[in-house]
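Here's the structure we're looking at; comments come further down.
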Amino acid sequence: MAFVTDPPPGLSIDADATSQNLQDWTVDLRGADGTLYEGENFQLNFKFNSKYPFDAPQVMFVGNHIPVHPHIYSNGHICLSILTEDWSPAHSVQSVCLSIMSMLSSCKDKKRPVDNSLYVKTCNKNPKKTKWWYHDDTV
């Protein structure tokens with residue numbers, strides 16, 4: 001609830017919509033000042049299953065404006081280890097959002113993943129079903 005009532009800078013959530021469906025949240029994310037994404041607005045969708053917080057939520061960018069980033073596919077899927085194998089029940093919506101904001105803020109070059117076209121054509125709709133290969137944490 002702290003996230004809903006007092007979100008970190010650059011993040012917001014519609015408390016009314018969230019209270020109507022506790023398993024499906026949309027978080028508005030604003031690109032941090034002084035970064036490649038400054039002034040840009042994005043939406044993250046969180047889908048929680050009955051095993052949350054022991055099982056990670058499904059998290060992906062949605063809407064018409066998906067960030068162009070080497071770890072974000074054009075369909076909104078995010079290659080970030082805390083969303084899959086490094087998930088811990090200690091994580092929260094807020095910590096996930098801050099990790100994604102940090103990933104965006106540290107980006108030096110706006111570009112899609114090298115395998116974007118193939119991945120988008122062949123992937124499962126649920127990014128949690130992807131067997132990600134975490135090989136580049138320099139972006």
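Chain labels run A, B, ... following the order of the structure tokens; each chain numbers its residues from 1, and ligands are numbered from 1 in the order shown.
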Among range 1-137 of chain A, which ones does DSSP assign to alpha helix (DSSP H) (computed from the backbone)? Answer as a ChimeraX atom specification.
/A:2-5,15-20,93-105,116-122
For Gln94 in chain A, list every protein, DNA or RNA residue within 10 Å, evaluated using only C-alpha atoms, and leave out those in the same chain fewer than 6 positions away; present the list as a list in words.
Ala2, Phe3, Val4, Pro7, Pro8, Leu11, Val27 and Ile100 of chain A
File dump, residues just selected, all heavy atoms, as an mmCIF file, in the first residue's frame:
```cif
data_model
loop_
_atom_site.group_PDB
_atom_site.id
_atom_site.type_symbol
_atom_site.label_atom_id
_atom_site.label_comp_id
_atom_site.auth_asym_id
_atom_site.auth_seq_id
_atom_site.Cartn_x
_atom_site.Cartn_y
_atom_site.Cartn_z
ATOM 1 N N ALA A 2 2.070 1.175 0.546
ATOM 2 C CA ALA A 2 2.937 2.352 0.568
ATOM 3 C C ALA A 2 3.203 2.852 -0.844
ATOM 4 O O ALA A 2 3.247 4.059 -1.092
ATOM 5 C CB ALA A 2 4.248 2.032 1.278
ATOM 6 N N PHE A 3 3.353 1.921 -1.776
ATOM 7 C CA PHE A 3 3.596 2.315 -3.157
ATOM 8 C C PHE A 3 2.409 3.086 -3.717
ATOM 9 O O PHE A 3 2.575 4.054 -4.447
ATOM 10 C CB PHE A 3 3.884 1.084 -4.021
ATOM 11 C CG PHE A 3 4.162 1.423 -5.452
ATOM 12 C CD1 PHE A 3 5.425 1.850 -5.832
ATOM 13 C CD2 PHE A 3 3.190 1.325 -6.423
ATOM 14 C CE1 PHE A 3 5.705 2.172 -7.154
ATOM 15 C CE2 PHE A 3 3.461 1.640 -7.738
ATOM 16 C CZ PHE A 3 4.717 2.074 -8.108
ATOM 17 N N VAL A 4 1.206 2.664 -3.378
ATOM 18 C CA VAL A 4 -0.002 3.321 -3.884
ATOM 19 C C VAL A 4 -0.155 4.710 -3.283
ATOM 20 O O VAL A 4 -0.458 5.673 -3.985
ATOM 21 C CB VAL A 4 -1.249 2.449 -3.599
ATOM 22 C CG1 VAL A 4 -2.522 3.172 -3.981
ATOM 23 C CG2 VAL A 4 -1.147 1.122 -4.337
ATOM 24 N N PRO A 7 4.198 6.855 -3.807
ATOM 25 C CA PRO A 7 5.129 6.225 -4.757
ATOM 26 C C PRO A 7 6.434 7.018 -4.882
ATOM 27 O O PRO A 7 6.454 8.224 -4.643
ATOM 28 C CB PRO A 7 4.353 6.248 -6.070
ATOM 29 C CG PRO A 7 3.422 7.395 -5.938
ATOM 30 C CD PRO A 7 3.060 7.470 -4.481
ATOM 31 N N PRO A 8 7.506 6.346 -5.266
ATOM 32 C CA PRO A 8 8.770 7.045 -5.520
ATOM 33 C C PRO A 8 8.628 8.016 -6.688
ATOM 34 O O PRO A 8 7.728 7.868 -7.516
ATOM 35 C CB PRO A 8 9.736 5.913 -5.889
ATOM 36 C CG PRO A 8 9.083 4.655 -5.442
ATOM 37 C CD PRO A 8 7.610 4.906 -5.467
ATOM 38 N N LEU A 11 7.094 7.508 -10.578
ATOM 39 C CA LEU A 11 6.186 6.357 -10.623
ATOM 40 C C LEU A 11 4.832 6.746 -10.067
ATOM 41 O O LEU A 11 4.739 7.522 -9.113
ATOM 42 C CB LEU A 11 6.745 5.197 -9.791
ATOM 43 C CG LEU A 11 8.067 4.611 -10.256
ATOM 44 C CD1 LEU A 11 8.642 3.691 -9.190
ATOM 45 C CD2 LEU A 11 7.887 3.874 -11.567
ATOM 46 N N VAL A 27 1.293 0.452 -13.819
ATOM 47 C CA VAL A 27 2.115 1.479 -13.184
ATOM 48 C C VAL A 27 2.606 2.428 -14.263
ATOM 49 O O VAL A 27 3.109 1.996 -15.303
ATOM 50 C CB VAL A 27 3.325 0.842 -12.449
ATOM 51 C CG1 VAL A 27 4.252 1.909 -11.897
ATOM 52 C CG2 VAL A 27 2.848 -0.093 -11.343
ATOM 53 N N ILE A 100 13.834 -1.382 -12.755
ATOM 54 C CA ILE A 100 13.601 -1.071 -14.169
ATOM 55 C C ILE A 100 13.986 0.373 -14.464
ATOM 56 O O ILE A 100 14.624 0.664 -15.480
ATOM 57 C CB ILE A 100 12.140 -1.387 -14.561
ATOM 58 C CG1 ILE A 100 11.918 -2.908 -14.505
ATOM 59 C CG2 ILE A 100 11.810 -0.816 -15.940
ATOM 60 C CD1 ILE A 100 10.484 -3.340 -14.620
#
```
So that I can check the surroundings of Val68 in chain A, please list as a count of residues only every protein, DNA and RNA residue that reaches within 7 Å of it, counting only C-alpha atoms and ignoring chain neighbours fewer than 2 positions away.
5
Tell me, as a list in words, which residues lie within 10 Å of Thr130 in chain A, counting only C-alpha atoms; anything in the same chain fewer than 3 positions away does not count.
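The residues satisfying every condition are His77, Cys79, Thr84, Tyr119, Cys123, Asn124, Lys125, Asn126, Pro127 and Trp133 of chain A.
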Would you put the residues from that selection into a file with C-alpha atoms, as a compact mmCIF listing (two decimals), in the first residue's frame?
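Below is the file selection33.txt, written as the result:
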```
# COMPACT_ATOMS: atom_id res chain seq x y z
CA HIS A 77 9.08 -8.12 -22.56
CA CYS A 79 15.11 -9.22 -19.81
CA THR A 84 12.58 -14.71 -13.15
CA TYR A 119 12.13 -13.22 -30.33
CA CYS A 123 8.05 -15.98 -27.95
CA ASN A 124 5.31 -16.98 -25.54
CA LYS A 125 2.92 -14.16 -24.62
CA ASN A 126 4.00 -14.61 -21.00
CA PRO A 127 7.59 -13.38 -20.58
CA TRP A 133 20.13 -15.73 -21.05
```
Which residues are close to range 28-40 of chain A, i.e. within 6 Å by only C-alpha atoms, leaving aside same-chain residues fewer than 2 positions away? Reply as a count of residues only.
6
Record the distance separating CA of Ser81 in chain A and CA of Tyr134 in chain A, expressed in Å with one decimal.
7.0 Å
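Running DSSP on the backbone gives strand (DSSP E) for these residues within range 49-89 of chain A: Gln58, Val59, Met60, Phe61 and Val62 of chain A.
Between CA of Lys47 in chain A and CA of Trp25 in chain A lies a distance of 6.6 Å.
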If you count only C-alpha atoms, which residues fall within 8 Å of range 87-92 of chain A, apart from same-chain ones fewer than 4 positions away, as an MDAnalysis selection string?
chainID A and resid 52:56 81:83 96
Could you save the residues just selected, with C-alpha atoms, as an mmCIF file, in the first residue's frame?
```cif
data_model
loop_
_atom_site.group_PDB
_atom_site.id
_atom_site.type_symbol
_atom_site.label_atom_id
_atom_site.label_comp_id
_atom_site.auth_asym_id
_atom_site.auth_seq_id
_atom_site.Cartn_x
_atom_site.Cartn_y
_atom_site.Cartn_z
ATOM 1 C CA TYR A 52 2.698 -14.121 -5.103
ATOM 2 C CA PRO A 53 4.974 -13.088 -3.351
ATOM 3 C CA PHE A 54 6.667 -16.485 -3.547
ATOM 4 C CA ASP A 55 6.322 -16.448 -7.346
ATOM 5 C CA ALA A 56 7.313 -13.373 -9.351
ATOM 6 C CA SER A 81 16.894 -11.460 -13.783
ATOM 7 C CA ILE A 82 14.820 -10.362 -10.768
ATOM 8 C CA LEU A 83 11.690 -11.023 -12.839
ATOM 9 C CA VAL A 96 10.893 -4.011 -9.336
#
```
Top pick for closest residue to Asn21 in chain A, considering A:Ser95, A:Asn49, A:Thr5, A:His69 and counting only C-alpha atoms
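Under the stated criterion, the closest residue is A:Asn49.
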Do you know which residues are at most 7 Å from Phe48 in chain A counting only C-alpha atoms, after dropping those on the same chain fewer than 5 positions away, and could you put them as a PyMOL selection string?
chain A and resi 23-24+57-58
Save the residues we just selected, N, CA and C atoms, as a PDB file, in the first residue's frame?
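Once everything was written out, this is out-v3.pdb:
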```pdb
ATOM      1  N   GLN A  23      -5.053  -8.325  -8.875  1.00  0.00           N
ATOM      2  CA  GLN A  23      -4.150  -9.210  -9.596  1.00  0.00           C
ATOM      3  C   GLN A  23      -3.594  -8.603 -10.879  1.00  0.00           C
ATOM      4  N   ASP A  24      -4.000  -7.393 -11.216  1.00  0.00           N
ATOM      5  CA  ASP A  24      -3.574  -6.766 -12.467  1.00  0.00           C
ATOM      6  C   ASP A  24      -3.395  -5.268 -12.231  1.00  0.00           C
ATOM      7  N   PRO A  57       5.679 -11.759 -10.132  1.00  0.00           N
ATOM      8  CA  PRO A  57       4.589 -11.348 -11.025  1.00  0.00           C
ATOM      9  C   PRO A  57       5.086 -11.349 -12.470  1.00  0.00           C
ATOM     10  N   GLN A  58       4.154 -11.386 -13.393  1.00  0.00           N
ATOM     11  CA  GLN A  58       4.493 -11.179 -14.804  1.00  0.00           C
ATOM     12  C   GLN A  58       4.569  -9.665 -14.984  1.00  0.00           C
TER      13      GLN A  58
END
```
Grab the CA of Val62 in chain A to CA of Asn45 in chain A distance for me, in Å with one decimal place.
6.4 Å
